[in-house]
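Notes to accompany the following structure.
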Amino acid sequence: MTFTTHTSFLDLISKYDGFILDQFGVMHNGSNALPGAVDVVQRLHKEGKKLVILSNTSSPSSSALNKLPKLGFDPKCFMGAITSGEEAAKYIVNKFVGKKALLISWKDNPATDVFLGLCGNPMLVDDPNDADYIIAHGMQAVWGCSSQGNGKNVRVVTDLSASLWEKGDFSELDPILKTCAERRLPMVNANPDFTCVVADGSHKPMPGKIASRYEGFGGKCTYFGKPHAEHFEACVRQIGLPKDRIVHVGDSLHHDIAGANETGISCIFVSSGIHKDELGTEFGNLPSIESLESLFAKEGQTPSHVVPAMSF
């Protein structure tokens, strides 16, 4: 399989009518729009292209769209969004009604409450011996409820951010995961990403690492999001065009490019994203053909096109 390289996203606009866009590493870094990305989205919308966001975020699609103005993007440019969090929530509602969940999530993120609402507000427990299933939603805390003397339940949060999120240290979480695995509790993973690049350029662990670790202890996990083809197919249905007129834009070979290849749609690899350090380049610089070929061979995935960033 061969690929083409382009210094400007402009080269590829006329080749496709539908664009499935990843968020982190392509459009923004979680805090700010990446250089050139807003201009590209506006240009695509002006030319009548159909845009859908496909993201491995544990947030629901409404939250993903509502965040766009703060990052400089106009939500009106997009037909909608498909997120792993919302798909996981639908599964939980259908599969675990009345069951008790051990939730690993974010510490102070309103999106967690929105997610729980989509899940049907399940009963939360922080003791693995009381749980019926586990949700891997974030990387900073274990959520639960504590019964008070007045007969009311209050939410309690065990903070793991200093170890798990900041250092990737699983020493506090591992005993919980091992007990859950011994009890054969099913895990639902709402974000299969292994890592993300935050605003300062550093890499942070993501819930995909929790799921992988859980499987290493003998546990079973159901995943939602990229690279699973059904999520790409949902975008294709929303766009409503033949697959040969649709392209996915992403920065992860394991999640974006693998999923697009499995689905049978073209894909644009953004080299300044998650693989930038492996390729040895700065943001916006196109890597050498040799370094790209070496990385693609290593990961076993080859995109249709390569750009340094979603910019002109």
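Each chain of the structure tokens is named A, B, ... in the order shown, its residues numbered from 1; ligands are numbered from 1 in display order.
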Wanna dump the segment 88-131 of chain A-segment 56-67 of chain A contacts at 10 Å for me, each residue with its shortest atom pair and the distance in Å to one decimal, counting only C-alpha atoms, ordered by chain and number, as a tab-separated table?
residue	atom	partner	partner_atom	distance
A:Ala88	CA	A:Ser58	CA	8.4
A:Ala89	CA	A:Pro60	CA	8.5
A:Ser105	CA	A:Ser58	CA	9.0
A:Trp106	CA	A:Ser58	CA	9.8
A:Asn109	CA	A:Ser59	CA	9.7
A:Pro110	CA	A:Ser59	CA	9.4
A:Ala111	CA	A:Ser59	CA	5.7
A:Thr112	CA	A:Ser59	CA	7.3
A:Asp113	CA	A:Ser59	CA	9.7
A:Val114	CA	A:Pro60	CA	7.4
A:Phe115	CA	A:Pro60	CA	6.4
A:Leu118	CA	A:Pro60	CA	8.2
query: Near segment 288-295 of chain A, counting only C-alpha atoms, which residues have an atom at most 8 Å away, once you skip same-chain residues fewer than 2 positions from it, shown as a PyMOL selection string?
result: chain A and resi 278-279+286+297-299
Same residues, all heavy atoms, saved as a PDB file, in the first residue's frame:
ATOM      1  N   GLU A 278       8.205  10.077  17.814  1.00  0.00           N
ATOM      2  CA  GLU A 278       8.754   8.905  17.137  1.00  0.00           C
ATOM      3  C   GLU A 278       9.323   9.273  15.770  1.00  0.00           C
ATOM      4  O   GLU A 278      10.303   8.681  15.314  1.00  0.00           O
ATOM      5  CB  GLU A 278       7.674   7.839  16.962  1.00  0.00           C
ATOM      6  CG  GLU A 278       7.205   7.178  18.243  1.00  0.00           C
ATOM      7  CD  GLU A 278       6.087   6.191  17.978  1.00  0.00           C
ATOM      8  OE1 GLU A 278       6.374   5.037  17.622  1.00  0.00           O
ATOM      9  OE2 GLU A 278       4.913   6.587  18.128  1.00  0.00           O
ATOM     10  N   LEU A 279       8.680  10.240  15.113  1.00  0.00           N
ATOM     11  CA  LEU A 279       9.107  10.648  13.782  1.00  0.00           C
ATOM     12  C   LEU A 279      10.235  11.674  13.828  1.00  0.00           C
ATOM     13  O   LEU A 279      10.852  11.970  12.799  1.00  0.00           O
ATOM     14  CB  LEU A 279       7.912  11.218  13.004  1.00  0.00           C
ATOM     15  CG  LEU A 279       6.850  10.176  12.616  1.00  0.00           C
ATOM     16  CD1 LEU A 279       5.567  10.863  12.163  1.00  0.00           C
ATOM     17  CD2 LEU A 279       7.381   9.262  11.506  1.00  0.00           C
ATOM     18  N   LEU A 286       6.997  18.201   7.791  1.00  0.00           N
ATOM     19  CA  LEU A 286       6.723  16.894   7.202  1.00  0.00           C
ATOM     20  C   LEU A 286       7.920  15.967   7.397  1.00  0.00           C
ATOM     21  O   LEU A 286       9.047  16.325   7.055  1.00  0.00           O
ATOM     22  CB  LEU A 286       6.426  17.054   5.707  1.00  0.00           C
ATOM     23  CG  LEU A 286       5.845  15.844   4.975  1.00  0.00           C
ATOM     24  CD1 LEU A 286       4.454  15.519   5.517  1.00  0.00           C
ATOM     25  CD2 LEU A 286       5.769  16.126   3.477  1.00  0.00           C
ATOM     26  N   ALA A 297       5.541   0.519   8.920  1.00  0.00           N
ATOM     27  CA  ALA A 297       5.889  -0.903   8.962  1.00  0.00           C
ATOM     28  C   ALA A 297       5.846  -1.424  10.394  1.00  0.00           C
ATOM     29  O   ALA A 297       5.352  -2.527  10.662  1.00  0.00           O
ATOM     30  CB  ALA A 297       7.270  -1.120   8.347  1.00  0.00           C
ATOM     31  N   LYS A 298       6.334  -0.621  11.319  1.00  0.00           N
ATOM     32  CA  LYS A 298       6.347  -1.015  12.725  1.00  0.00           C
ATOM     33  C   LYS A 298       4.935  -1.197  13.261  1.00  0.00           C
ATOM     34  O   LYS A 298       4.648  -2.155  13.994  1.00  0.00           O
ATOM     35  CB  LYS A 298       7.088   0.049  13.536  1.00  0.00           C
ATOM     36  CG  LYS A 298       7.010  -0.142  15.044  1.00  0.00           C
ATOM     37  CD  LYS A 298       7.617   1.055  15.767  1.00  0.00           C
ATOM     38  CE  LYS A 298       7.338   1.000  17.258  1.00  0.00           C
ATOM     39  NZ  LYS A 298       7.811   2.223  17.955  1.00  0.00           N
ATOM     40  N   GLU A 299       4.026  -0.275  12.914  1.00  0.00           N
ATOM     41  CA  GLU A 299       2.654  -0.317  13.423  1.00  0.00           C
ATOM     42  C   GLU A 299       1.735  -1.195  12.582  1.00  0.00           C
ATOM     43  O   GLU A 299       0.618  -1.503  13.001  1.00  0.00           O
ATOM     44  CB  GLU A 299       2.079   1.105  13.482  1.00  0.00           C
ATOM     45  CG  GLU A 299       2.811   2.035  14.438  1.00  0.00           C
ATOM     46  CD  GLU A 299       2.641   1.637  15.885  1.00  0.00           C
ATOM     47  OE1 GLU A 299       1.626   0.979  16.218  1.00  0.00           O
ATOM     48  OE2 GLU A 299       3.532   1.967  16.701  1.00  0.00           O
TER      49      GLU A 299
END
- request: Tell me which of A:Leu103, A:Ala211, A:Met27, A:Ile20 sits closest to Cys119 of chain A, counting only C-alpha atoms.
  value: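 With only C-alpha atoms as the atom set, the closest residue is A:Leu103.
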task: Write down as a count of residues only the residues of segment 6-131 of chain A whose backbone DSSP state falls under helix (DSSP H, G or I).
output: 51
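With atom CA of Tyr133 of chain A on one side and atom CA of Glu86 of chain A on the other, the separation reads 17.7 Å.
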field: Test item: residues at most 8 Å from Thr302 of chain A, only C-alpha atoms, excluding those fewer than 2 positions along its chain, as a PyMOL selection string
entry: chain A and resi 1-3+253+257+296-297+300+304
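Contact shell of Ile176 of chain A at 12 Å (only C-alpha atoms; same-chain neighbours under 6 positions omitted): A:Leu102, A:Leu103, A:Ile104, A:Val125, A:Asp126, A:Asp127, A:Pro128, A:Asn129, A:Asp130, A:Ala131, A:Ile134, A:Val142, A:Thr158, A:Phe170, A:Glu182, A:Arg183, A:Leu185, A:Ile210, A:Arg213, A:Tyr214, A:Phe217, A:Gly219.
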message: Using DSSP secondary structure from the backbone, list all strand (DSSP E) positions within segment 63-302 of chain A, as a PyMOL selection string.
response: chain A and resi 80-83+100-105+123-124+133-136+141-147+153-159+186-189+195-197+203-205+220-223+246-250+266-270
field: Contacts of Ala37 of chain A within 9 Å, only C-alpha atoms, excl. fewer than 3 positions in-chain, as a PyMOL selection string
entry: chain A and resi 26-28+33-34+40-42+73+309-312
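Minimum atom-to-atom distance to Asn94 of chain A, evaluated using only C-alpha atoms, belongs to A:Gly120 out of A:Pro287, A:Gly25, A:Gly225, A:Gly120.
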query: Counting only C-alpha atoms, which of A:Val156, A:Val52, A:Val197, A:Ala181 gets nearest to Gly216 of chain A?
result: A:Ala181
